[in-house]
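S.K.: The following block contains the structure, expressed as structure tokens.
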Amino acid sequence: MKLTIIGGGGFRVPQIFEAISSDGDHARVTELCLFDVSRERLDIINSVLMQLAESLARPPRVTLTTDLDEAITGAQFVFSAMRIGGAEGRIKDERIALDLGVLGQETIGPGGLAYALRTLPHARRLAERVAALAPDAWVINFTNPAGMVTEAMRASLGDRVIGICDTPIGLMRRAVHAVGSTPDAVDFDYVGLNHLGWLRRVSVGGQDLLPGLLASDEALGGIEEARLMGFDWVRALGAIPNEYLYYYYFEREATERIRSSAETRGQFLQRQQSVFYREAHQHPGSALALWNRTKHDRESSYMAESRPEEERDNREESDIDGGGYQTVALDLMSALVNGRESTMILNVANRGNVAELPDEAVIEVACTVGAGGVAPHNVAPVTGDMLGLMQQVKAVEQLTIAASVSRDRALAWRAIAAHPLVDSISVARKLFDTYRAEIPGVAAAFE
């Protein structure tokens, strides 16, 4: 079976390689095809993979290409992990917003919309080429903003594109541990959009254990999201929020922490990964050791701005154990291929699940995956402040997609102005104009 990764020179690719090369009852990949626009990055990542392969049980054959059609042809699965504009684009996404007094973050707020505007044309092209060259392939979308990109790709691929994210899976893992159960024994209700969702029920044997979890300081102490946002707040919600809701619930604090930091997350990653790619290029024999060192630093500092200064570079090991995107993707791929049903949280079409959102809107909910495809679980009604936030952010996402398709600058301005973290129409206009002026990919999207 051929698996293609779009963005095959990306830093996380070795984690996928490790997952698909392990022993176990999972889908067996015989060819891993890496596509990237940079041959140099492909060669560097390939050096890491070849050194990893020496210690792995069943590594697949690895092929490299800078030709998109060659990469897609013959693929049964396509992982989309592109980063249009690279780390430089992310830095500008974040810094331009901060300079105008607005939250600067990769996927949340106007930074996420700038990222989307330069990414959506490439995502639609990828979807069109997959539909033409590998119509039976499944596309698993890692590319952020994942919900928006998945929704745009559905125009060509329909249900054969599925968005994934590891943050709700991590939340579920911590909650299951906190109630002293196992994943197979738990039934749950999780609903939201990508990077905006809530765990509202955790049931074992028909009994909802979430109220007891929320009442216990000891249990909440093992849940990163509760520590980030405060025990009192999650108790007031009656639910455990996805960690990215920190940026909505604590916008002022998050913005100030990011502005007062020596560098943004984008600047940190650019500095860190530039060193990795440069040193690995100069010393290919040490590529794996360099990659392992960089990976640990990257994961331990994830969402550092949400934690107190003394904890920013010391994330608890329990919060980064248990796998990430690669584990979710492999579980999804294996369930589709092997037919053994599995439950996971995915980005899929709404189709009336949340009655107040459009049917074609992509939402993030628990799904059962098997040989027949993906079946979303029905969720309890969404009401009040949770529904309001979902509706507003989904409206922003759909305005952004429409602006990209039609190359309509007014719609793009409206999208930014409608975002709940942008408090001024004039600031929204300045954001859009500055993104177009300083980020070539955003300007190109409207030519």
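By order in the structure tokens, chains are A, B, ...; within a chain, residues start at 1; ligands start at 1, following the order shown.
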Name the residues in contact with Leu126 (chain A) at a cut-off of 10 Å, using only C-alpha atoms, excluding same-chain residues fewer than 4 positions from it; report them as a PyMOL selection string.

M.R.: chain A and resi 6+68-69+72+78+80+120-122+130-132+139+153+156

S.K.: Write out as a list of chain:residue names the residues lying within 10 Å of Leu98 (chain A), counting only C-alpha atoms and excluding same-chain residues fewer than 3 positions away.

M.R.: A:Lys92, A:Asp93, A:Glu94, A:Arg95, A:Gly101, A:Val102, A:Leu103, A:Gly104, A:Gln105, A:Gly111, A:Thr255, A:Glu256, A:Ile258, A:Arg259, A:Thr264

S.K.: Taking 4 positions as the minimum chain separation for residues in the same chain, which residues sit within 10 Å of Leu269 (chain A) when counting only C-alpha atoms? Answer as a list in words.

M.R.: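 Contacts, in chain order: Ala87, Glu88, Arg90, Ile91, Glu263, Thr264, Arg265, Gln273, Ser274, Val275, Thr294, Asp297 and Arg298 of chain A.
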
S.K.: Listing only residues of region 140-210 of chain A within 7 Å of region 351-368 of chain A, what is the closest atom pair and its distance in Å (to one decimal) for each, using only C-alpha atoms, sorted by chain and residue number ascending, as a tab-separated table?

M.R.:
```
residue	atom	partner	partner_atom	distance
A:Gly147	CA	A:Val362	CA	6.0
A:Glu151	CA	A:Val362	CA	5.6
A:Tyr190	CA	A:Val365	CA	5.7
A:Val191	CA	A:Val365	CA	4.9
A:Gly192	CA	A:Glu364	CA	5.2
A:Leu193	CA	A:Ile363	CA	4.7
A:Asn194	CA	A:Glu364	CA	5.8
```

S.K.: Considering only C-alpha atoms, return as an NGL selection string whatever protein or nucleic-acid residues lie within 12 Å of Ala123 (chain A), sequence-local ones (same chain, fewer than 2 positions apart) excluded.

M.R.: :A and (6-7 or 79-84 or 115-121 or 125-130 or 139-146 or 148-157 or 161 or 401 or 404-405)

S.K.: Show which residues sit within 12 Å of region 231-242 of chain A, as a tab-separated table (two decimals) with C-alpha atoms, in the first residue's frame. Count only C-alpha atoms, and ignore same-chain residues fewer than 6 positions away.

M.R.:
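Okay, this is what ended up in part.tsv:
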```tsv
chain	number	residue	atom	x	y	z
A	165	CYS	CA	-6.12	16.73	15.37
A	166	ASP	CA	-4.36	15.24	18.38
A	167	THR	CA	-5.52	17.76	20.99
A	168	PRO	CA	-9.00	16.29	21.63
A	169	ILE	CA	-7.50	12.78	21.67
A	170	GLY	CA	-5.02	13.94	24.32
A	171	LEU	CA	-7.86	15.43	26.35
A	172	MET	CA	-9.79	12.16	26.16
A	174	ARG	CA	-6.24	12.31	30.26
A	175	ALA	CA	-9.94	12.20	31.18
A	188	PHE	CA	-18.35	10.20	25.81
A	189	ASP	CA	-19.75	13.38	24.30
A	190	TYR	CA	-17.25	15.73	22.65
A	191	VAL	CA	-18.37	18.46	20.28
A	192	GLY	CA	-16.95	21.56	18.66
A	193	LEU	CA	-14.87	22.82	15.79
A	194	ASN	CA	-11.18	22.18	15.28
A	195	HIS	CA	-9.28	23.86	18.15
A	196	LEU	CA	-12.61	24.78	19.74
A	197	GLY	CA	-14.47	22.01	21.53
A	198	TRP	CA	-15.69	20.64	24.85
A	199	LEU	CA	-15.78	17.26	26.57
A	200	ARG	CA	-19.26	17.24	28.07
A	201	ARG	CA	-19.77	13.64	29.22
A	202	VAL	CA	-17.57	10.68	30.23
A	208	ASP	CA	-21.60	9.87	33.72
A	209	LEU	CA	-18.38	10.24	35.70
A	210	LEU	CA	-17.63	13.80	34.56
A	211	PRO	CA	-19.39	15.52	37.50
A	212	GLY	CA	-17.27	13.52	39.95
A	213	LEU	CA	-14.12	14.32	37.99
A	214	LEU	CA	-14.94	18.02	38.02
A	215	ALA	CA	-15.55	17.94	41.78
A	216	SER	CA	-12.13	16.46	42.56
A	217	ASP	CA	-9.05	18.69	42.77
A	218	GLU	CA	-6.89	15.58	42.61
A	219	ALA	CA	-8.54	14.32	39.42
A	220	LEU	CA	-8.46	17.74	37.75
A	221	GLY	CA	-4.79	18.05	38.65
A	222	GLY	CA	-4.05	15.33	36.11
A	223	ILE	CA	-5.78	17.17	33.28
A	224	GLU	CA	-3.68	19.80	31.55
A	225	GLU	CA	-6.68	21.72	30.23
A	248	TYR	CA	-10.76	32.65	23.73
A	249	TYR	CA	-11.37	32.47	27.48
A	250	PHE	CA	-8.13	34.23	28.43
A	364	GLU	CA	-15.19	17.98	15.37
A	384	GLY	CA	-25.95	28.96	25.00
A	385	ASP	CA	-22.40	30.30	24.99
A	386	MET	CA	-20.92	27.14	23.47
```

S.K.: Please run DSSP on the backbone and report, as a PyMOL selection string, all residues within region 209-289 of chain A that come out as helix (DSSP H, G or I).

M.R.: chain A and resi 210-215+217-220+224-229+231-237+243-249+251-260+265-282+284-289

S.K.: Go through A:Leu245, A:Ala402, A:Ala134, A:Ala375 and flag the residue nearest Leu389 (chain A), using only C-alpha atoms for the distances.

M.R.: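 Looking at the shortest contact to Leu389 (chain A), the residue is A:Leu245.
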
S.K.: Using only C-alpha atoms, which residue out of A:Leu100, A:Gln326, A:Met333, A:Phe35 lies closest to Pro14 (chain A)?

M.R.: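 The shortest atom-to-atom distance to Pro14 (chain A) comes from A:Gln326.
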
S.K.: Taking into account only C-alpha atoms, which residue in the set A:Thr343, A:Ser260, A:Asn338, A:Asn350 is nearest to Arg28 (chain A)?

M.R.: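 Using only C-alpha atoms, Arg28 (chain A) sits closest to A:Asn338.
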
S.K.: In Å, with one decimal, what is the gap from CA of Leu56 (chain A) to CA of Val29 (chain A)?

M.R.: 13.5 Å

S.K.: If you measure from CA of Val379 (chain A) to CA of Lys394 (chain A), what distance in Å do you get, rounded to one decimal?

M.R.: 17.6 Å

S.K.: Write out as a PyMOL selection string each polymer residue whose atoms come within 8 Å of Asp331 (chain A), counting only C-alpha atoms; drop sequence neighbours fewer than 3 positions from it.

M.R.: chain A and resi 26+327-328+334-335+342

S.K.: Atoms to include: N, CA, C and O atoms. Write the selected residues as a PDB file, in the first residue's frame.

M.R.:
```
ATOM      1  N   HIS A  26      -1.853  -3.168  12.384  1.00  0.00           N
ATOM      2  CA  HIS A  26      -2.284  -1.922  11.762  1.00  0.00           C
ATOM      3  C   HIS A  26      -2.048  -2.010  10.258  1.00  0.00           C
ATOM      4  O   HIS A  26      -1.411  -2.950   9.755  1.00  0.00           O
ATOM      5  N   THR A 327      -0.233   8.965  15.588  1.00  0.00           N
ATOM      6  CA  THR A 327      -1.013   7.879  16.182  1.00  0.00           C
ATOM      7  C   THR A 327      -2.460   7.944  15.723  1.00  0.00           C
ATOM      8  O   THR A 327      -3.074   6.928  15.384  1.00  0.00           O
ATOM      9  N   VAL A 328      -3.030   9.149  15.712  1.00  0.00           N
ATOM     10  CA  VAL A 328      -4.403   9.327  15.249  1.00  0.00           C
ATOM     11  C   VAL A 328      -4.524   8.896  13.788  1.00  0.00           C
ATOM     12  O   VAL A 328      -5.443   8.164  13.406  1.00  0.00           O
ATOM     13  N   SER A 334      -5.807   2.434   9.742  1.00  0.00           N
ATOM     14  CA  SER A 334      -5.953   1.013  10.028  1.00  0.00           C
ATOM     15  C   SER A 334      -7.418   0.612  10.114  1.00  0.00           C
ATOM     16  O   SER A 334      -7.816  -0.460   9.619  1.00  0.00           O
ATOM     17  N   ALA A 335      -8.246   1.446  10.732  1.00  0.00           N
ATOM     18  CA  ALA A 335      -9.662   1.127  10.835  1.00  0.00           C
ATOM     19  C   ALA A 335     -10.326   1.089   9.456  1.00  0.00           C
ATOM     20  O   ALA A 335     -11.157   0.225   9.175  1.00  0.00           O
ATOM     21  N   SER A 342     -13.223   1.408  15.271  1.00  0.00           N
ATOM     22  CA  SER A 342     -12.489   2.207  16.251  1.00  0.00           C
ATOM     23  C   SER A 342     -13.224   3.526  16.436  1.00  0.00           C
ATOM     24  O   SER A 342     -13.838   4.041  15.493  1.00  0.00           O
TER      25      SER A 342
END
```

S.K.: Given only C-alpha atoms as the basis, pick out the residue of A:Thr65, A:Trp138, A:Tyr325, A:Leu431 nearest to Val337 (chain A).

M.R.: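 The closest residue to Val337 (chain A) is A:Trp138.
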